[in-house]
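K.L.:
Provided herewith is a single structure, encoded as structure tokens, for subsequent inquiry.
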2 protein chains.
Amino acid sequence: MPSSAITFAKANEKRFLDELKDLLRIPSVSTLPENKPDIEKAAAFIAAELKRIGIEHVEIISTAGHPLVYGDWLHAPGKPTVLLYAHYDVQPAEPLDEWKSPPFEPTERNGNLYARGAVDDKGQLWMQVKAIESLMAADKKLPCNVRILFEGEEEVGGEAVEKFVHENPARLKSDVALVCDTELFAPELPTLCVGLRGLVYTEIEAKGAATDLHSGVYGGAAPNPLFALCQIINRLKDADGRITIPGFYDDWASPTDDELKAWKSLPFDEEHYRKTEVGSTVLTGEKDYPVLYRTWARPTLEVHGMPGGFTGTGAKTVIPAKASAKVSMRLVPNQDPDDIMEKFTKYVMSLAPKGIQLTVKVHSKGKAVVVSTDNDYIKAANKALHEVFSKQTVYIRSGGSIPIVGQFKNDLGIPTVMMGLGLPDDNIHAPNEKFHIANYYWGIESVIRFLSNLG
Amino acid sequence: MPSSAITFAKANEKRFLDELKDLLRIPSVSTLPENKPDIEKAAAFIAAELKRIGIEHVEIISTAGHPLVYGDWLHAPGKPTVLLYAHYDVQPAEPLDEWKSPPFEPTERNGNLYARGAVDDKGQLWMQVKAIESLMAADKKLPCNVRILFEGEEEVGGEAVEKFVHENPARLKSDVALVCDTELFAPELPTLCVGLRGLVYTEIEAKGAATDLHSGVYGGAAPNPLFALCQIINRLKDADGRITIPGFYDDWASPTDDELKAWKSLPFDEEHYRKTEVGSTVLTGEKDYPVLYRTWARPTLEVHGMPGGFTGTGAKTVIPAKASAKVSMRLVPNQDPDDIMEKFTKYVMSLAPKGIQLTVKVHSKGKAVVVSTDNDYIKAANKALHEVFSKQTVYIRSGGSIPIVGQFKNDLGIPTVMMGLGLPDDNIHAPNEKFHIANYYWGIESVIRFLSNLG
């Protein structure tokens, strides 16, 4: 019964929050080799809790990268099987000096919990775990069958989970996936995300001279890989953000007229968004498309960092022997990541200045996904949110990428419900990431109700 | 008598080398705040040695930045006064993984001494100190009057020495300066440097959004300062290296026909230089000018590093709130650094993409210098080198910058003899910096003979 599970959850809110803080104290940064032990500690922490709350088969699955945490409880014959997905790894916390409280010492301020991973995604992972604990504690059983698959590489491309899902469709056989890694469109506005952009994340490596050279002695004769990268990047998109890679827009599909109409009725104030979320003097991008269209349903290209040369304080007169640029593209439905990667690589190579050798690597890639709103699981999620918030649910897309959603569709043949309780100003991937604590509790209740609605 | 001083120097070669190693073990990196104690340790090490060898007035002069080491011996009435200049600070050693032996553990290999600062400039500073010690040990006096001025900020712009020289012309009253911070044109080819390029070293800081943003969620709406810097840098010079800042070439002066003719007769093999020094597939720069002309007497522009965003291993999908680019220009005679800085700043500001706020800072600046070959001090140095190497001395320029040389001319009204014993492949400012040990000893002898020739 959801009501007794919800009573249990409410009675245990303080403990649920304290446990989340313990999980957040583990700096499980997936991209940094030195945090490997923390990744393993986080996986063990979660697996132990799954066992404690009554999940039957719990397993830490070793992979070539970071471990997966798997669990299942399959004693509801005739009921659907839900695959709960979340990730326990986090982005690096840098730049550290911009955090108001330490990133790995969770701190409560103004009804929010501040920490790296608070909302992306440990807080939302723990929401799922606590919903199951509440249901199990109240009824000694779950309203439907449940499989759990938590990964530790989402922020670095999710290779291990990709391989595991691809190779184990029978073991993961389910009817629907529940991913809690998205956000509400606005505070207290129940939201389901039904579209995601895809991603191709690359690194362009440029080499010039055999060794770092003094810019006084060799300036005027030696190739400069960092300058070369500036030349190349400058030619990847125009001043309005339109990508200039030949053939890049060949296959893109626009949203439906119904979607575009619904987006126009969302409570979105461009000026408020510019001021409070982006905090820039103007918004940029393709002027012929509204902001939500640009960020949800148009492909974009960004440069994230350019390692090489001297990046410390002060001055060093070096012509670096090598440098690189981290460049990613967000993709929309119908664009194929492999095709885009091929076009990108070909174009970049064609731009190599003389004396510069280029290599283009791919860090991660995934297709865009759109989920139909016309299925029973989306309806069950809609009903759950309505029970919690007493408001009409809005359907949105996200400009971000969750490649596993595409894989659930392709490898397991199941749709995904993306029910996330983040907020637009939660500073994910940035300093001062937070989770609104009320949303954490509402999220637990929403998951309890969603699973109960399937029972 | 130079002969007895030279005998003393030869007898003490091993000790002279061991002492240099001790000095090189002190990581006196001037640009890094954490190395401040090492800077002070190096200054104290040198001052103690100056006292020990018989320099009368030795003083460590505190400044707003790193200390100066001053000394004088003025008991040769009627003889010229020579101002010996060198610097005891060094460039950062990064990238550390490219050093074959640790940068601050001097290591002998194949007749070379490998360490950060081996040749730039601690080895050449110690050459001067050991020349004075040898003269003093042999004769209990020096052949001419000597002032010593060693600084610890050369690699970061030399503000303290600039201020000190500017404010103390009477205290530093001399007839000529001897700077040992340059190189031989080729192994065992006696060389005097009579021209230096100037420098303006800037940092362009770009700001966009108020905080780092997720490139999925905000890609298509938020300005990207790193992309903006690529756009700007791309427009600072063309593909052939010609600088496109309006008015940049208004004032530049070309070398004389005699100089150009002399440069053509230097033993310079462009293909050998490309392969062994630069190590690139081609040489770059303005094709209408020969390599020595381009690197010695044409202005150039380089980007040295672009801090901002994510530069670690792997992937982070961040649109950085801010980023910056370290950009420097080498100047030639007649170009005024302040004028160039003004033109650079104005042009860069005019290139700011929408949504981006720019600030342009200057890290250091100095004029280009050309010294006349037609004076007695240059002739005395020429004679000293001939006595050591038994060959005709060549006059060259350097593409690098030693701003103090311009200041000696302007503030003290004296010419500078640039007699350096580095080699073109010494890897200054790069991993595996070295000093050819034979050159260290020849340098000591050259300084002994130069000072004796003035006596």
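Ordering of the structure tokens sets the chain letters (A, B, ...), residue numbers begin anew at 1 in every chain, and ligands are numbered from 1 in the order given.
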Can you pull out every residue from range 36-267 of chain A that DSSP, working from the backbone, puts in alpha helix (DSSP H), and format the result as a VMD selection string?
P.N.:
chain A and resid 36 to 52 122 to 139 159 to 167 215 to 218 225 to 234 257 to 264
K.L.:
With only C-alpha atoms as the counted atoms, please give the residues lying no more than 9 Å from range 40-44 of chain A, apart from itself and same-chain residues fewer than 2 positions off, as a PyMOL selection string.
P.N.:
chain A and resi 23-24+26-28+35-38+46-49+60+66-69+88-89+150-152
K.L.:
Would you please extract all strand (DSSP E or B) residues from range 322-384 of chain B, as assigned by DSSP on the backbone, and give them as JSON, numbers by chain?
P.N.:
{"B": [322, 323, 324, 325, 326, 327, 328, 329, 330, 331, 357, 358, 359, 360, 361, 362, 363, 364, 365, 366, 369, 370]}
K.L.:
Please determine, counting only C-alpha atoms, which residue among B:Pro33, B:Gly78, B:Gly198, B:Gly400 has the shortest atom-to-atom distance to chain A.
P.N.:
B:Gly400
K.L.:
Enumerate as a PyMOL selection string the residues belonging to chain B that approach chain A to within 6 Å, with only C-alpha atoms taken into account.
P.N.:
chain B and resi 31+156+208-210+212+214+216-217+219-223+230-231+234+278-285+294-295+300+304-305+307+309-311+314-315+318-319+355+399-400+429-430
K.L.:
Could you tell me how far CA of Leu421 in chain A lies from CA of Leu135 in chain A, in Å and to one decimal?
P.N.:
19.5 Å
K.L.:
One decimal, Å: what's the distance from CA of Leu260 in chain B over to CA of Val332 in chain B, could you say?
P.N.:
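Between these atoms lies a distance of 14.7 Å.
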K.L.:
So that I can see what lies close to Met127 in chain A, please list as a ChimeraX atom specification the residues with an atom at most 12 Å from it, counting only C-alpha atoms and leaving out residues fewer than 5 positions away in the same chain.
P.N.:
/A:9,13,16-17,19-20,84-87,118-122,132-134,178-181,419-422,435,437-448
K.L.:
Hey, can you spit out that residue selection with N, CA and C atoms as an mmCIF file, in the first residue's frame?
P.N.:
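Below you can see result-v4.cif, which holds the result:
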```
data_model
loop_
_atom_site.group_PDB
_atom_site.id
_atom_site.type_symbol
_atom_site.label_atom_id
_atom_site.label_comp_id
_atom_site.auth_asym_id
_atom_site.auth_seq_id
_atom_site.Cartn_x
_atom_site.Cartn_y
_atom_site.Cartn_z
ATOM 1 N N ALA A 9 8.210 6.569 4.925
ATOM 2 C CA ALA A 9 9.202 7.494 4.336
ATOM 3 C C ALA A 9 9.218 8.815 5.098
ATOM 4 N N GLU A 13 12.544 10.653 7.280
ATOM 5 C CA GLU A 13 13.185 11.657 6.413
ATOM 6 C C GLU A 13 14.586 12.054 6.878
ATOM 7 N N PHE A 16 17.047 9.351 6.113
ATOM 8 C CA PHE A 16 17.254 9.254 4.662
ATOM 9 C C PHE A 16 18.216 10.356 4.183
ATOM 10 N N LEU A 17 18.104 11.525 4.791
ATOM 11 C CA LEU A 17 18.980 12.633 4.399
ATOM 12 C C LEU A 17 20.405 12.403 4.911
ATOM 13 N N GLU A 19 21.853 9.563 5.480
ATOM 14 C CA GLU A 19 22.485 8.517 4.658
ATOM 15 C C GLU A 19 22.977 9.083 3.327
ATOM 16 N N LEU A 20 22.166 9.955 2.734
ATOM 17 C CA LEU A 20 22.586 10.563 1.463
ATOM 18 C C LEU A 20 23.868 11.369 1.669
ATOM 19 N N LEU A 84 15.304 -0.061 -12.575
ATOM 20 C CA LEU A 84 15.669 1.237 -12.005
ATOM 21 C C LEU A 84 17.122 1.552 -12.355
ATOM 22 N N TYR A 85 17.326 2.697 -12.972
ATOM 23 C CA TYR A 85 18.683 3.086 -13.352
ATOM 24 C C TYR A 85 19.037 4.429 -12.713
ATOM 25 N N ALA A 86 20.271 4.517 -12.257
ATOM 26 C CA ALA A 86 20.834 5.810 -11.820
ATOM 27 C C ALA A 86 22.350 5.644 -11.857
ATOM 28 N N HIS A 87 23.081 6.713 -11.592
ATOM 29 C CA HIS A 87 24.540 6.564 -11.566
ATOM 30 C C HIS A 87 25.119 7.148 -10.282
ATOM 31 N N ALA A 118 24.935 15.966 -5.457
ATOM 32 C CA ALA A 118 23.719 16.059 -4.640
ATOM 33 C C ALA A 118 22.489 15.698 -5.480
ATOM 34 N N VAL A 119 22.413 16.271 -6.677
ATOM 35 C CA VAL A 119 21.257 16.000 -7.535
ATOM 36 C C VAL A 119 21.652 15.164 -8.758
ATOM 37 N N ASP A 120 22.937 15.190 -9.126
ATOM 38 C CA ASP A 120 23.428 14.513 -10.349
ATOM 39 C C ASP A 120 24.558 13.571 -9.983
ATOM 40 N N ASP A 121 24.266 12.354 -9.553
ATOM 41 C CA ASP A 121 22.930 11.775 -9.547
ATOM 42 C C ASP A 121 22.731 10.996 -8.268
ATOM 43 N N LYS A 122 23.641 11.185 -7.303
ATOM 44 C CA LYS A 122 23.546 10.354 -6.103
ATOM 45 C C LYS A 122 22.248 10.597 -5.340
ATOM 46 N N ILE A 132 12.205 2.109 -2.428
ATOM 47 C CA ILE A 132 12.103 0.647 -2.294
ATOM 48 C C ILE A 132 12.129 0.238 -0.832
ATOM 49 N N GLU A 133 13.022 0.856 -0.053
ATOM 50 C CA GLU A 133 13.069 0.543 1.375
ATOM 51 C C GLU A 133 11.708 0.798 2.029
ATOM 52 N N SER A 134 11.069 1.924 1.686
ATOM 53 C CA SER A 134 9.796 2.286 2.309
ATOM 54 C C SER A 134 8.703 1.285 1.949
ATOM 55 N N LEU A 178 13.084 3.012 -15.335
ATOM 56 C CA LEU A 178 12.856 4.289 -14.645
ATOM 57 C C LEU A 178 14.216 4.936 -14.417
ATOM 58 N N VAL A 179 14.420 6.081 -15.039
ATOM 59 C CA VAL A 179 15.675 6.820 -14.882
ATOM 60 C C VAL A 179 15.387 8.096 -14.097
ATOM 61 N N CYS A 180 16.054 8.240 -12.980
ATOM 62 C CA CYS A 180 15.900 9.467 -12.194
ATOM 63 C C CYS A 180 17.191 10.277 -12.321
ATOM 64 N N ASP A 181 17.256 11.124 -13.344
ATOM 65 C CA ASP A 181 18.478 11.894 -13.602
ATOM 66 C C ASP A 181 18.134 13.157 -14.394
ATOM 67 N N MET A 419 11.880 10.457 -14.848
ATOM 68 C CA MET A 419 11.194 11.225 -13.821
ATOM 69 C C MET A 419 12.274 11.742 -12.874
ATOM 70 N N GLY A 420 12.667 12.974 -13.073
ATOM 71 C CA GLY A 420 13.743 13.530 -12.258
ATOM 72 C C GLY A 420 13.232 14.699 -11.437
ATOM 73 N N LEU A 421 13.864 14.902 -10.278
ATOM 74 C CA LEU A 421 13.392 15.928 -9.356
ATOM 75 C C LEU A 421 14.394 17.068 -9.188
ATOM 76 N N GLY A 422 15.333 17.186 -10.116
ATOM 77 C CA GLY A 422 16.247 18.325 -10.058
ATOM 78 C C GLY A 422 15.509 19.625 -10.353
ATOM 79 N N PHE A 435 20.761 19.975 -4.192
ATOM 80 C CA PHE A 435 19.490 19.274 -4.368
ATOM 81 C C PHE A 435 18.530 19.955 -3.393
ATOM 82 N N ILE A 437 15.962 20.006 -0.855
ATOM 83 C CA ILE A 437 15.686 18.866 0.025
ATOM 84 C C ILE A 437 14.221 18.414 -0.077
ATOM 85 N N ALA A 438 13.289 19.363 -0.235
ATOM 86 C CA ALA A 438 11.875 18.990 -0.392
ATOM 87 C C ALA A 438 11.688 18.103 -1.629
ATOM 88 N N ASN A 439 12.458 18.399 -2.686
ATOM 89 C CA ASN A 439 12.349 17.596 -3.906
ATOM 90 C C ASN A 439 12.849 16.167 -3.686
ATOM 91 N N TYR A 440 13.861 16.043 -2.843
ATOM 92 C CA TYR A 440 14.360 14.701 -2.492
ATOM 93 C C TYR A 440 13.226 13.883 -1.876
ATOM 94 N N TYR A 441 12.518 14.473 -0.927
ATOM 95 C CA TYR A 441 11.422 13.737 -0.276
ATOM 96 C C TYR A 441 10.268 13.498 -1.251
ATOM 97 N N TRP A 442 9.919 14.529 -2.051
ATOM 98 C CA TRP A 442 8.843 14.345 -3.048
ATOM 99 C C TRP A 442 9.242 13.284 -4.073
ATOM 100 N N GLY A 443 10.515 13.236 -4.353
ATOM 101 C CA GLY A 443 10.998 12.231 -5.306
ATOM 102 C C GLY A 443 10.814 10.825 -4.761
ATOM 103 N N ILE A 444 11.129 10.647 -3.497
ATOM 104 C CA ILE A 444 10.930 9.316 -2.882
ATOM 105 C C ILE A 444 9.452 8.935 -2.983
ATOM 106 N N GLU A 445 8.579 9.881 -2.641
ATOM 107 C CA GLU A 445 7.139 9.604 -2.702
ATOM 108 C C GLU A 445 6.690 9.316 -4.137
ATOM 109 N N SER A 446 7.251 10.061 -5.097
ATOM 110 C CA SER A 446 6.872 9.854 -6.504
ATOM 111 C C SER A 446 7.259 8.456 -6.976
ATOM 112 N N VAL A 447 8.434 7.990 -6.580
ATOM 113 C CA VAL A 447 8.864 6.650 -6.990
ATOM 114 C C VAL A 447 7.987 5.596 -6.310
ATOM 115 N N ILE A 448 7.682 5.787 -5.015
ATOM 116 C CA ILE A 448 6.782 4.857 -4.316
ATOM 117 C C ILE A 448 5.451 4.754 -5.082
#
```
K.L.:
Would you mind reading off the distance between CA of Ser4 in chain A and CA of Ala177 in chain A, one decimal, in Å?
P.N.:
24.6 Å
K.L.:
Need the shell around Tyr249 in chain A: protein/DNA/RNA residues with any atom at most 9 Å away, counting only C-alpha atoms. Skip same-chain ones fewer than 4 positions apart. Format as a PyMOL selection string?
P.N.:
chain A and resi 243+245+299+335
K.L.:
Using the selection just defined, write its residues with N, CA and C atoms as an mmCIF file, in the first residue's frame.
P.N.:
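Output saved as selection_33.cif:
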```
data_model
loop_
_atom_site.group_PDB
_atom_site.id
_atom_site.type_symbol
_atom_site.label_atom_id
_atom_site.label_comp_id
_atom_site.auth_asym_id
_atom_site.auth_seq_id
_atom_site.Cartn_x
_atom_site.Cartn_y
_atom_site.Cartn_z
ATOM 1 N N ILE A 243 26.599 25.179 -36.893
ATOM 2 C CA ILE A 243 27.774 24.335 -37.094
ATOM 3 C C ILE A 243 28.114 24.259 -38.577
ATOM 4 N N ILE A 245 30.345 22.170 -40.108
ATOM 5 C CA ILE A 245 30.901 20.906 -40.600
ATOM 6 C C ILE A 245 30.062 20.444 -41.798
ATOM 7 N N PRO A 299 21.033 20.735 -32.752
ATOM 8 C CA PRO A 299 22.387 20.309 -32.380
ATOM 9 C C PRO A 299 23.277 21.519 -32.070
ATOM 10 N N GLN A 335 20.130 12.006 -36.133
ATOM 11 C CA GLN A 335 21.573 12.137 -36.388
ATOM 12 C C GLN A 335 22.278 10.922 -35.812
#
```
K.L.:
Could you give me, as a list in words, the residues within 8 Å of Thr359 in chain A, counting only C-alpha atoms and dropping anything in the same chain fewer than 2 positions from it?
P.N.:
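What passes the distance filter is Ile204, Glu205, Ala206, Gln357 and Lys361 of chain A.
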K.L.:
Considering only C-alpha atoms, return as a PyMOL selection string whatever protein or nucleic-acid residues lie within 8 Å of Ala115 in chain A, sequence-local ones (same chain, fewer than 4 positions apart) excluded.
P.N.:
chain A and resi 24+101-107+432-434
K.L.:
Counting only C-alpha atoms, which residue out of B:Phe185, B:Phe248, B:Tyr70, B:Trp99 sits closest to Val394 in chain B?
P.N.:
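Among B:Phe185, B:Phe248, B:Tyr70, B:Trp99, it is B:Phe185 that comes nearest to Val394 in chain B.
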